[in-house]
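Okay, final06.cif is below, mmCIF, C-alpha atoms and all ligand atoms:
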```cif
data_final
loop_
_atom_site.label_atom_id
_atom_site.label_comp_id
_atom_site.auth_asym_id
_atom_site.auth_seq_id
_atom_site.Cartn_x
_atom_site.Cartn_y
_atom_site.Cartn_z
CA MET A 13 43.06 14.13 44.24
CA ARG A 14 41.21 14.01 40.92
CA THR A 15 40.10 10.56 39.81
CA ASN A 16 39.87 11.60 36.19
CA ALA A 17 42.25 13.69 34.08
CA ASP A 18 42.90 14.51 30.42
CA VAL A 19 46.64 14.09 31.09
CA VAL A 20 48.60 12.76 34.08
CA VAL A 21 52.19 13.95 34.46
CA ILE A 22 54.30 11.58 36.57
CA GLY A 23 57.20 13.43 38.22
CA GLY A 24 57.41 16.82 39.89
CA GLY A 25 60.90 17.80 38.83
CA ILE A 26 61.64 20.78 36.62
CA GLN A 27 60.70 18.84 33.46
CA GLY A 28 57.37 17.53 34.80
CA LEU A 29 56.45 21.00 36.06
CA SER A 30 57.32 22.57 32.74
CA CYS A 31 55.15 19.95 30.99
CA LEU A 32 52.32 20.68 33.40
CA TYR A 33 52.46 24.41 32.78
CA HIS A 34 52.81 24.17 29.00
CA LEU A 35 49.95 21.67 28.73
CA ALA A 36 47.76 23.99 30.81
CA ALA A 37 48.84 26.98 28.70
CA LYS A 38 47.67 25.04 25.63
CA GLY A 39 44.18 25.05 27.14
CA ILE A 40 44.11 21.53 28.60
CA LYS A 41 42.33 22.20 31.86
CA ASN A 42 42.14 18.86 33.60
CA ILE A 43 45.75 17.83 34.25
CA SER A 44 47.08 16.09 37.32
CA LEU A 45 50.72 15.77 38.37
CA VAL A 46 51.89 13.19 40.88
CA GLU A 47 55.22 13.48 42.68
CA LEU A 48 56.32 10.72 45.01
CA ASP A 49 58.11 13.11 47.37
CA LEU A 50 58.23 16.91 47.21
CA LEU A 51 58.57 19.09 44.10
CA GLY A 52 62.21 19.31 43.09
CA SER A 53 63.33 16.56 45.45
CA GLY A 54 64.95 14.59 42.60
CA SER A 55 67.82 15.81 40.44
CA SER A 56 66.27 19.22 39.78
CA GLY A 57 67.01 20.39 43.30
CA ARG A 58 70.59 19.11 43.21
CA SER A 59 72.08 20.53 40.03
CA ALA A 60 74.79 23.09 39.39
CA ALA A 61 72.01 25.20 37.82
CA MET A 62 73.87 26.21 34.67
CA LEU A 63 72.02 27.56 31.63
CA VAL A 64 74.26 26.96 28.65
CA LEU A 65 74.21 27.63 24.92
CA SER A 66 77.76 26.37 24.44
CA MET A 67 76.63 22.75 24.45
CA SER A 68 78.64 19.89 23.00
CA ARG A 69 76.29 18.82 20.19
CA ALA A 70 74.21 20.59 17.55
CA GLU A 71 71.05 18.86 18.82
CA THR A 72 71.54 20.04 22.39
CA ILE A 73 72.41 23.55 21.23
CA ALA A 74 69.12 23.54 19.29
CA LEU A 75 67.30 22.56 22.50
CA SER A 76 69.13 25.31 24.40
CA LEU A 77 68.09 27.93 21.85
CA VAL A 78 64.38 27.23 22.38
CA ALA A 79 64.80 26.99 26.16
CA TRP A 80 66.87 30.17 26.33
CA LYS A 81 64.14 32.20 24.67
CA GLU A 82 61.57 31.25 27.30
CA TYR A 83 63.97 31.66 30.23
CA MET A 84 64.82 35.18 29.08
CA ALA A 85 61.10 35.96 28.76
CA PHE A 86 60.20 34.81 32.32
CA PRO A 87 59.57 38.35 33.62
CA GLU A 88 57.13 39.14 30.79
CA LEU A 89 55.49 35.70 30.79
CA PHE A 90 55.14 35.18 34.53
CA GLY A 91 56.19 38.38 36.28
CA GLU A 92 58.91 36.25 37.90
CA SER A 93 62.68 36.05 37.69
CA THR A 94 64.85 33.01 37.00
CA HIS A 95 67.62 34.88 38.88
CA PHE A 96 69.84 34.47 35.84
CA LYS A 97 73.43 35.59 36.36
CA GLN A 98 75.45 35.79 33.19
CA ILE A 99 78.80 34.57 34.51
CA GLY A 100 80.12 32.91 31.33
CA TYR A 101 81.39 29.36 30.79
CA LEU A 102 85.07 28.51 30.42
CA THR A 103 86.02 25.00 29.30
CA VAL A 104 89.64 23.95 29.63
CA ALA A 105 91.26 20.92 28.04
CA THR A 106 94.41 18.98 28.75
CA ALA A 107 95.91 16.98 25.87
CA ALA A 108 93.67 14.06 26.89
CA ALA A 109 90.54 16.17 26.38
CA GLU A 110 91.67 18.24 23.39
CA HIS A 111 89.94 16.07 20.78
CA GLU A 112 86.67 16.20 22.70
CA LEU A 113 86.82 19.97 23.04
CA ARG A 114 87.63 20.40 19.34
CA GLN A 115 84.57 18.29 18.50
CA GLU A 116 82.45 20.49 20.75
CA LEU A 117 83.85 23.59 19.09
CA ALA A 118 82.93 22.22 15.66
CA ALA A 119 79.34 21.63 16.82
CA GLN A 120 79.18 25.11 18.32
CA ARG A 121 80.53 26.71 15.13
CA SER A 122 77.96 24.79 13.06
CA MET A 123 75.25 26.38 15.24
CA ASN A 124 76.83 29.87 15.18
CA VAL A 125 77.55 29.97 18.91
CA PRO A 126 80.09 32.81 19.11
CA LEU A 127 82.84 31.27 21.22
CA GLN A 128 86.29 32.51 21.97
CA VAL A 129 88.92 29.82 21.43
CA LEU A 130 91.76 30.37 23.86
CA ASP A 131 95.36 29.36 24.31
CA PRO A 132 96.46 28.56 27.88
CA GLN A 133 97.77 32.09 28.47
CA GLN A 134 94.38 33.57 27.50
CA VAL A 135 92.70 31.10 29.88
CA LYS A 136 94.92 32.44 32.64
CA GLU A 137 93.96 36.03 31.80
CA ILE A 138 90.26 35.19 32.21
CA VAL A 139 90.65 33.13 35.41
CA PRO A 140 94.04 33.72 37.05
CA ALA A 141 93.30 30.97 39.61
CA VAL A 142 93.48 28.29 36.92
CA ASN A 143 96.74 26.40 36.59
CA VAL A 144 97.34 26.23 32.84
CA ASP A 145 100.67 24.37 32.86
CA ASP A 146 99.18 21.15 31.44
CA LEU A 147 96.42 22.77 29.36
CA VAL A 148 96.46 22.88 25.59
CA LEU A 149 93.19 24.63 24.80
CA GLY A 150 90.33 26.62 26.23
CA ALA A 151 86.94 27.87 25.05
CA PHE A 152 84.95 30.70 26.54
CA TYR A 153 81.34 31.65 25.99
CA ARG A 154 80.44 34.86 27.74
CA ALA A 155 76.63 34.62 27.55
CA ASP A 156 76.13 31.41 29.55
CA GLY A 157 75.11 31.68 33.15
CA VAL A 158 73.42 30.32 36.22
CA ILE A 159 69.73 30.31 37.16
CA ASP A 160 67.70 29.32 40.21
CA PRO A 161 65.92 26.01 39.40
CA HIS A 162 63.76 26.30 42.54
CA ALA A 163 62.42 29.67 41.40
CA VAL A 164 61.72 28.18 37.96
CA MET A 165 59.89 25.19 39.43
CA GLN A 166 57.79 27.37 41.74
CA THR A 167 56.92 29.63 38.83
CA TYR A 168 55.77 26.77 36.61
CA ALA A 169 53.84 25.18 39.49
CA ARG A 170 52.04 28.41 40.37
CA ALA A 171 51.24 29.27 36.76
CA ALA A 172 49.95 25.74 36.04
CA LYS A 173 47.71 25.79 39.12
CA GLN A 174 46.32 29.18 38.13
CA LEU A 175 45.33 27.59 34.81
CA GLY A 176 43.50 24.75 36.59
CA ALA A 177 46.14 22.03 36.86
CA GLU A 178 46.46 19.93 40.01
CA ILE A 179 49.69 19.01 41.83
CA ASN A 180 49.84 16.06 44.25
CA GLU A 181 52.97 15.73 46.33
CA ARG A 182 53.81 12.53 48.20
CA VAL A 183 51.76 10.50 45.74
CA GLN A 184 53.63 7.81 43.86
CA ALA A 185 52.53 6.37 40.53
CA THR A 186 52.73 2.59 40.84
CA GLY A 187 51.48 1.37 37.47
CA ILE A 188 49.83 2.20 34.17
CA VAL A 189 46.48 0.64 33.31
CA GLN A 190 46.12 -0.27 29.64
CA GLU A 191 43.26 -1.55 27.52
CA ASN A 192 43.78 -2.78 23.97
CA GLY A 193 47.19 -1.12 23.72
CA ARG A 194 45.95 2.22 25.05
CA VAL A 195 46.63 4.00 28.33
CA VAL A 196 43.42 4.28 30.34
CA GLY A 197 44.70 5.10 33.80
CA VAL A 198 47.53 5.62 36.25
CA GLU A 199 47.59 3.67 39.50
CA THR A 200 48.92 5.66 42.42
CA THR A 201 49.40 5.30 46.15
CA ALA A 202 46.35 7.58 46.50
CA GLY A 203 44.14 5.65 44.10
CA LEU A 204 43.48 5.36 40.39
CA ILE A 205 43.40 8.34 38.03
CA SER A 206 41.54 7.50 34.81
CA THR A 207 43.28 9.17 31.89
CA PRO A 208 44.01 8.55 28.21
CA ARG A 209 47.47 10.18 28.38
CA VAL A 210 50.44 10.04 30.67
CA VAL A 211 53.77 11.86 30.61
CA ASN A 212 56.81 10.01 31.92
CA ALA A 213 58.87 12.81 33.52
CA THR A 214 60.32 10.64 36.26
CA GLY A 215 64.01 11.45 35.83
CA ALA A 216 66.16 8.66 37.28
CA ARG A 217 63.13 6.32 37.47
CA ALA A 218 62.08 6.78 33.85
CA ARG A 219 63.37 3.39 32.81
CA GLU A 220 61.31 1.68 35.51
CA VAL A 221 58.15 3.61 34.55
CA GLY A 222 58.73 2.94 30.84
CA ALA A 223 58.98 -0.78 31.58
CA TRP A 224 55.39 -0.68 32.88
CA VAL A 225 54.26 -0.30 29.25
CA GLY A 226 56.92 -2.59 27.78
CA LEU A 227 59.53 0.02 26.85
CA ASP A 228 63.24 -0.63 27.23
CA LEU A 229 64.52 2.89 27.84
CA PRO A 230 68.34 2.72 27.80
CA ILE A 231 68.69 5.22 30.63
CA ARG A 232 71.47 4.72 33.19
CA ASN A 233 71.91 6.89 36.24
CA PHE A 234 75.25 8.43 37.11
CA LYS A 235 76.00 10.01 40.45
CA ARG A 236 77.65 13.40 40.76
CA HIS A 237 78.70 15.19 43.95
CA ILE A 238 78.63 18.89 44.64
CA PHE A 239 80.52 20.55 47.49
CA ILE A 240 80.15 24.10 48.79
CA THR A 241 83.00 25.91 50.50
CA ASP A 242 82.75 28.63 53.10
CA GLU A 243 83.09 32.29 52.08
CA PHE A 244 86.06 32.45 49.78
CA HIS A 245 87.07 35.80 48.34
CA ALA A 246 90.25 34.66 46.59
CA ILE A 247 87.96 33.61 43.72
CA PRO A 248 86.34 36.92 42.72
CA PRO A 249 82.60 37.28 42.05
CA ASN A 250 83.02 37.84 38.30
CA THR A 251 84.71 34.44 37.79
CA PRO A 252 83.02 32.30 35.12
CA PHE A 253 81.99 28.67 35.54
CA VAL A 254 85.16 26.64 34.87
CA MET A 255 84.88 23.11 33.45
CA ASP A 256 87.97 20.88 33.39
CA LEU A 257 86.81 18.59 30.61
CA GLU A 258 89.18 15.66 31.11
CA VAL A 259 87.61 14.62 34.42
CA GLU A 260 84.45 16.78 34.36
CA TRP A 261 85.54 18.65 37.48
CA TYR A 262 84.13 22.16 37.76
CA PHE A 263 83.74 25.16 39.99
CA ARG A 264 81.84 28.43 40.09
CA LYS A 265 80.98 31.09 42.60
CA GLU A 266 77.89 30.44 44.72
CA GLY A 267 77.28 33.77 46.39
CA ASP A 268 80.42 34.45 48.43
CA ASN A 269 81.20 30.73 48.47
CA VAL A 270 82.54 28.36 45.82
CA LEU A 271 80.67 25.36 44.39
CA MET A 272 82.70 22.43 43.09
CA GLY A 273 81.27 19.42 41.26
CA MET A 274 82.57 16.12 40.00
CA GLY A 275 81.65 12.44 39.57
CA ARG A 276 80.33 10.01 36.98
CA GLU A 277 79.87 6.80 38.91
CA GLU A 278 76.96 4.61 37.84
CA SER A 279 74.27 4.24 40.49
CA THR A 280 71.74 1.47 40.84
CA SER A 281 69.96 3.27 43.67
CA PHE A 282 67.39 5.99 43.03
CA GLU A 283 68.47 7.63 46.28
CA PRO A 284 72.03 8.77 45.61
CA GLN A 285 74.05 8.49 48.78
CA PHE A 286 76.14 11.55 49.66
CA VAL A 287 79.68 10.36 50.44
CA PRO A 288 81.58 13.12 52.30
CA GLU A 289 84.87 11.30 51.61
CA PHE A 290 84.38 11.89 47.89
CA GLN A 291 85.61 15.42 48.57
CA GLU A 292 89.12 13.97 48.62
CA GLN A 293 88.88 13.31 44.86
CA VAL A 294 87.40 16.74 44.29
CA ILE A 295 90.17 18.37 46.29
CA GLU A 296 92.80 16.33 44.47
CA ARG A 297 91.67 17.81 41.16
CA ALA A 298 91.38 21.27 42.71
CA ALA A 299 95.02 20.95 43.78
CA LEU A 300 95.97 20.49 40.15
CA ARG A 301 93.55 22.84 38.40
CA ALA A 302 92.99 25.71 40.82
CA PRO A 303 95.35 25.21 43.79
CA ILE A 304 94.12 28.29 45.63
CA LEU A 305 90.93 26.35 46.35
CA LEU A 306 92.89 24.21 48.81
CA GLU A 307 92.67 27.21 51.12
CA ALA A 308 88.87 27.05 51.14
CA LYS A 309 87.02 25.02 53.73
CA ILE A 310 84.31 22.67 52.48
CA LEU A 311 81.12 23.22 54.47
CA ARG A 312 78.57 20.88 52.95
CA GLY A 313 77.57 18.99 49.86
CA TRP A 314 75.08 16.68 48.24
CA ALA A 315 74.84 14.02 45.55
CA GLY A 316 72.44 13.76 42.64
CA LEU A 317 71.77 11.57 39.64
CA ARG A 318 72.12 12.33 35.96
CA ALA A 319 69.83 10.07 33.92
CA LEU A 320 71.84 9.50 30.76
CA THR A 321 70.97 7.89 27.43
CA PRO A 322 73.74 6.35 25.28
CA ASP A 323 73.77 9.36 22.92
CA ASP A 324 73.28 11.92 25.70
CA LEU A 325 70.05 13.15 24.09
CA PRO A 326 66.66 13.11 25.83
CA VAL A 327 63.72 10.85 24.99
CA LEU A 328 60.68 12.78 23.83
CA GLY A 329 57.30 12.03 22.33
CA TYR A 330 54.78 9.22 22.09
CA ALA A 331 56.16 5.76 22.68
CA PRO A 332 55.50 3.20 19.96
CA GLY A 333 53.24 0.25 20.74
CA VAL A 334 51.18 1.92 23.45
CA GLU A 335 48.79 4.72 22.72
CA GLY A 336 48.86 7.67 25.09
CA PHE A 337 52.29 7.20 26.72
CA VAL A 338 54.59 10.20 26.24
CA ASN A 339 58.22 10.33 27.33
CA CYS A 340 59.95 13.46 28.58
CA CYS A 341 63.03 11.95 30.16
CA GLY A 342 66.70 11.06 29.75
CA TRP A 343 67.78 14.67 30.29
CA GLY A 344 71.21 13.74 31.62
CA GLY A 345 73.17 16.77 32.73
CA HIS A 346 70.97 19.25 30.84
CA GLY A 347 67.49 18.90 32.26
CA VAL A 348 67.44 22.18 34.15
CA MET A 349 68.58 24.33 31.26
CA HIS A 350 66.28 22.43 28.87
CA ALA A 351 63.19 22.48 31.07
CA PRO A 352 61.28 25.04 28.98
CA VAL A 353 61.86 23.16 25.73
CA GLY A 354 60.92 19.79 27.28
CA GLY A 355 57.58 21.22 28.36
CA ILE A 356 56.97 23.16 25.15
CA LEU A 357 57.58 20.13 22.91
CA THR A 358 55.59 17.74 25.13
CA ALA A 359 52.63 20.14 25.14
CA GLU A 360 52.79 20.57 21.35
CA ILE A 361 52.93 16.78 20.86
CA ILE A 362 49.90 16.19 23.11
CA ALA A 363 47.76 19.25 22.36
CA ASP A 364 48.58 19.78 18.66
CA GLY A 365 49.46 16.25 17.62
CA LYS A 366 53.03 17.18 16.67
CA ALA A 367 55.99 19.23 17.77
CA SER A 368 56.37 22.48 15.86
CA SER A 369 59.06 24.38 17.79
CA MET A 370 61.73 22.04 16.49
CA ASP A 371 62.32 18.67 14.84
CA ILE A 372 62.17 15.96 17.50
CA THR A 373 63.38 13.10 15.30
CA PRO A 374 66.76 12.82 17.11
CA PHE A 375 64.94 12.48 20.44
CA LYS A 376 62.41 9.77 19.60
CA TYR A 377 62.40 6.43 21.41
CA GLU A 378 62.49 4.69 18.01
CA ARG A 379 66.20 5.52 17.67
CA PHE A 380 66.95 2.82 20.24
CA GLN A 381 64.90 0.13 18.53
CA ASN A 382 66.61 -2.53 16.42
CA GLN A 383 69.66 -2.07 18.60
CA GLU A 384 70.94 -4.71 20.97
CA SER A 385 69.25 -5.12 24.35
CA HIS A 386 70.12 -2.21 26.63
CA THR A 387 71.00 -4.01 29.80
C1 LIG B 401 75.25 17.24 40.44
C2 LIG B 401 74.41 17.57 39.25
C3 LIG B 401 74.65 18.74 38.55
C4 LIG B 401 73.85 19.09 37.46
N1 LIG B 401 74.05 20.29 36.85
C5 LIG B 401 73.21 20.69 35.87
C6 LIG B 401 73.35 21.97 35.28
O1 LIG B 401 74.24 22.74 35.64
N2 LIG B 401 72.45 22.35 34.34
C7 LIG B 401 71.46 21.50 33.92
O2 LIG B 401 70.70 21.87 33.04
N3 LIG B 401 71.32 20.28 34.45
C8 LIG B 401 72.15 19.85 35.42
N4 LIG B 401 72.01 18.63 35.97
C9 LIG B 401 70.98 17.72 35.44
C10 LIG B 401 69.60 18.10 35.92
O3 LIG B 401 69.60 18.23 37.33
C11 LIG B 401 68.59 17.05 35.47
O4 LIG B 401 68.75 16.77 34.10
C12 LIG B 401 67.17 17.54 35.68
O5 LIG B 401 66.98 17.94 37.01
C13 LIG B 401 66.18 16.46 35.30
O6 LIG B 401 64.89 16.93 35.60
P1 LIG B 401 63.70 15.93 35.66
O7 LIG B 401 62.49 16.70 36.01
O8 LIG B 401 63.70 15.10 34.41
O9 LIG B 401 64.10 14.89 36.81
P2 LIG B 401 63.96 15.02 38.41
O10 LIG B 401 64.24 16.37 38.89
O11 LIG B 401 64.73 13.90 39.00
O12 LIG B 401 62.42 14.80 38.62
C14 LIG B 401 61.80 13.54 38.48
C15 LIG B 401 60.79 13.44 39.60
O13 LIG B 401 59.97 12.31 39.38
C16 LIG B 401 59.62 11.78 40.66
N5 LIG B 401 59.19 10.40 40.44
C17 LIG B 401 59.93 9.38 39.98
N6 LIG B 401 59.18 8.25 39.88
C18 LIG B 401 57.93 8.61 40.30
C19 LIG B 401 56.73 7.88 40.45
N7 LIG B 401 56.65 6.57 40.15
N8 LIG B 401 55.64 8.54 40.90
C20 LIG B 401 55.71 9.87 41.22
N9 LIG B 401 56.84 10.59 41.11
C21 LIG B 401 57.93 9.97 40.65
C22 LIG B 401 60.91 11.92 41.45
O14 LIG B 401 60.65 11.90 42.84
C23 LIG B 401 61.45 13.24 40.96
O15 LIG B 401 61.09 14.34 41.80
C24 LIG B 401 72.80 18.23 37.04
C25 LIG B 401 72.57 17.05 37.74
C26 LIG B 401 73.35 16.72 38.84
C27 LIG B 401 73.05 15.45 39.58
#
```
Since I need it in another form, could you write the structure as structure tokens?
Ligand SMILES: Cc1cc2nc3c(=O)[nH]c(=O)nc-3n(C[C@H](O)[C@H](O)[C@H](O)COP(=O)(O)OP(=O)(O)OC[C@H]3O[C@@H](n4cnc5c(N)ncnc54)[C@H](O)[C@@H]3O)c2cc1C
Amino acid sequence: MRTNADVVVIGGGIQGLSCLYHLAAKGIKNISLVELDLLGSGSSGRSAAMLVLSMSRAETIALSLVAWKEYMAFPELFGESTHFKQIGYLTVATAAAEHELRQELAAQRSMNVPLQVLDPQQVKEIVPAVNVDDLVLGAFYRADGVIDPHAVMQTYARAAKQLGAEINERVQATGIVQENGRVVGVETTAGLISTPRVVNATGARAREVGAWVGLDLPIRNFKRHIFITDEFHAIPPNTPFVMDLEVEWYFRKEGDNVLMGMGREESTSFEPQFVPEFQEQVIERAALRAPILLEAKILRGWAGLRALTPDDLPVLGYAPGVEGFVNCCGWGGHGVMHAPVGGILTAEIIADGKASSMDITPFKYERFQNQESHT
């Protein structure tokens, strides 16, 4: 492992790997990434893998627009595929979720995302399996789809290494060394790396790492389960991703199988425990929303964490009060789809001194300051 680097990236999830590649592509040769386990072993390997323009806020749509451009250019940029499948994204709302969906629609209209607003009968025409009896509204965006986050991570890792970056798996950062308010090194389980700059891309552990330099990142981790059924042909292959907004229950095809996700329980552990019994809650909602799914057998599942900020926007850029500490964290439920933009902006901030691809004001740590303590 290098003992000296121009930048150290902590965290080998999809965001850290994107940062690593984009920093290297900016011509910074001596970069080292440390990952406490294996690449993608955090949330990035446990997501539902959706790439979405029909986001709920103008700021996240703006992030998606930048990310989308790079994802679509993967073959030209890297000679690799993201395995993007354009399945579409259908959101359905009961009366309890109608207001929320109307707010999302307003944000999407303000960003010119061409959605179809649907009445329950139109929802049924798009996905006949959906029970629309208690629905009041739907929204469909045809262009959204699913990618393969593992392929994306491998692509970034390979491209970064080709440009001279170093990746260290099973090496944990344990502290930041500072001198006179400046970062001068990262302590790790494999020794010290002297460096003037560090990127905090540690996902669910970002709050802990931020605290090493005195930051109070208001990031809380929420557990979500995903279950995969056996082969299930009653849901046809061209079915879009369906999101039942009221309880954030969703399903989509996963090959011949069906993937279902749900859960927003706060977790104090960084190792989210998979609870097989949670499938009972998932099945309960399936019974209401898409009863045919009761005929599918659940084969396996996993749990992952979404690292959420109070405003559901990420934290990007240099932290105040300590020179050389850059955040790229708080990606919540959007970190896979926004991986390109996280890396692009972080690299611009470090290599060029400022972000130029978009305005990062809404994402700065400073927005949390002068607020009450975030315990
Ligand atoms: C069930 C579920 C479904 C989701 N679905 C979607 C979706 O459809 N689309 C989407 O865009 N997003 C989705 N997300 C969110 C997405 O998975 C995350 O936002 C994204 O993976 C965050 O990436 P990351 O690189 O910031 O974090 P992570 O992937 O968690 O990576 C952080 C890495 O840092 C490492 N690390 C932490 N501390 C240290 C340390 N001290 N030293 C060294 N390494 C350290 C960890 O081991 C980890 O590998 C979903 C999340 C879940 C849980």
- Which of these, A:Leu204, A:Leu63, A:Val195, A:Leu102, has the shortest distance to ligand LIG 401 (chain B) once you count all atoms listed in the file? A:Leu63
- Env. residues ligand LIG 401 (chain B) / 7 Å / all atoms listed in the file / as JSON, numbers by chain: {"A": [22, 23, 24, 25, 26, 27, 28, 46, 47, 48, 49, 50, 51, 52, 53, 54, 55, 56, 57, 58, 59, 60, 61, 62, 63, 183, 184, 185, 186, 213, 214, 215, 216, 217, 218, 221, 235, 236, 237, 238, 273, 315, 316, 317, 318, 319, 341, 342, 343, 344, 345, 346, 347, 348, 349, 350]}
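Near Leu229 (chain A), within a cut-off of 9 Å and counting all atoms listed in the file, sit the residues A:Ala218, A:Arg219, A:Glu220, A:Gly222, A:Ala223, A:Thr321, A:Val327, A:Gly342, A:Tyr377, A:Phe380, A:His386, with same-chain residues fewer than 4 positions away left out.
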- Query: CA of Gln293 (chain A) and CA of Gly150 (chain A), how far apart in Å?
  - Reply: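 Interatomic distance here is 22.9 Å.
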- Which value, in Å to one decimal, gives the distance between CA of Glu360 (chain A) and CA of Thr200 (chain A)?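 Here the two named atoms are 26.1 Å from each other.
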- Message: I need the residue nearest Gly197 (chain A) from this list: A:Gln381, A:Gln115, A:Thr280, A:Thr15. Use only C-alpha atoms for the distance.
- Response: A:Thr15
- Met272 (chain A) environment, 8 Å, all atoms listed in the file, sequence neighbours closer than 3 positions dropped, as an MDAnalysis selection string: chainID A and resid 238:240 261:264 294
As AutoDock Vina command-line options: centre and edge lengths in Å, one decimal, of the axis-aligned box holding region 270-288 of chain A with 3 Å per side:
```
--center_x 75.0 --center_y 14.9 --center_z 44.6 --size_x 21.3 --size_y 32.9 --size_z 21.3
```
- Task: Would you work out the distance separating CA of Ser206 (chain A) from CA of Asn16 (chain A), expressed in Å to one decimal?
- Result: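 For CA of Ser206 (chain A) relative to CA of Asn16 (chain A), the distance reads 4.6 Å.
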- Which residue of A:Cys340, A:Ile179, A:Leu117, A:Leu227 approaches Pro352 (chain A) most closely, using only C-alpha atoms: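 Checking each of A:Cys340, A:Ile179, A:Leu117, A:Leu227 against Pro352 (chain A), counting only C-alpha atoms, the winner is A:Cys340.
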- Query: Between A:Val338, A:Ala302, A:Leu32, A:Val21, which is the closest to Asp145 (chain A) once you count all atoms listed in the file?
  - Reply: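 That would be A:Ala302, the residue with the smallest distance to Asp145 (chain A).
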- Which polymer residues have any atom within 12 Å of an atom of Met370 (chain A), counting all atoms listed in the file, with same-chain residues fewer than 6 positions away left out, as a ChimeraX atom specification? /A:71-79,328,353-354,356-358,360-361
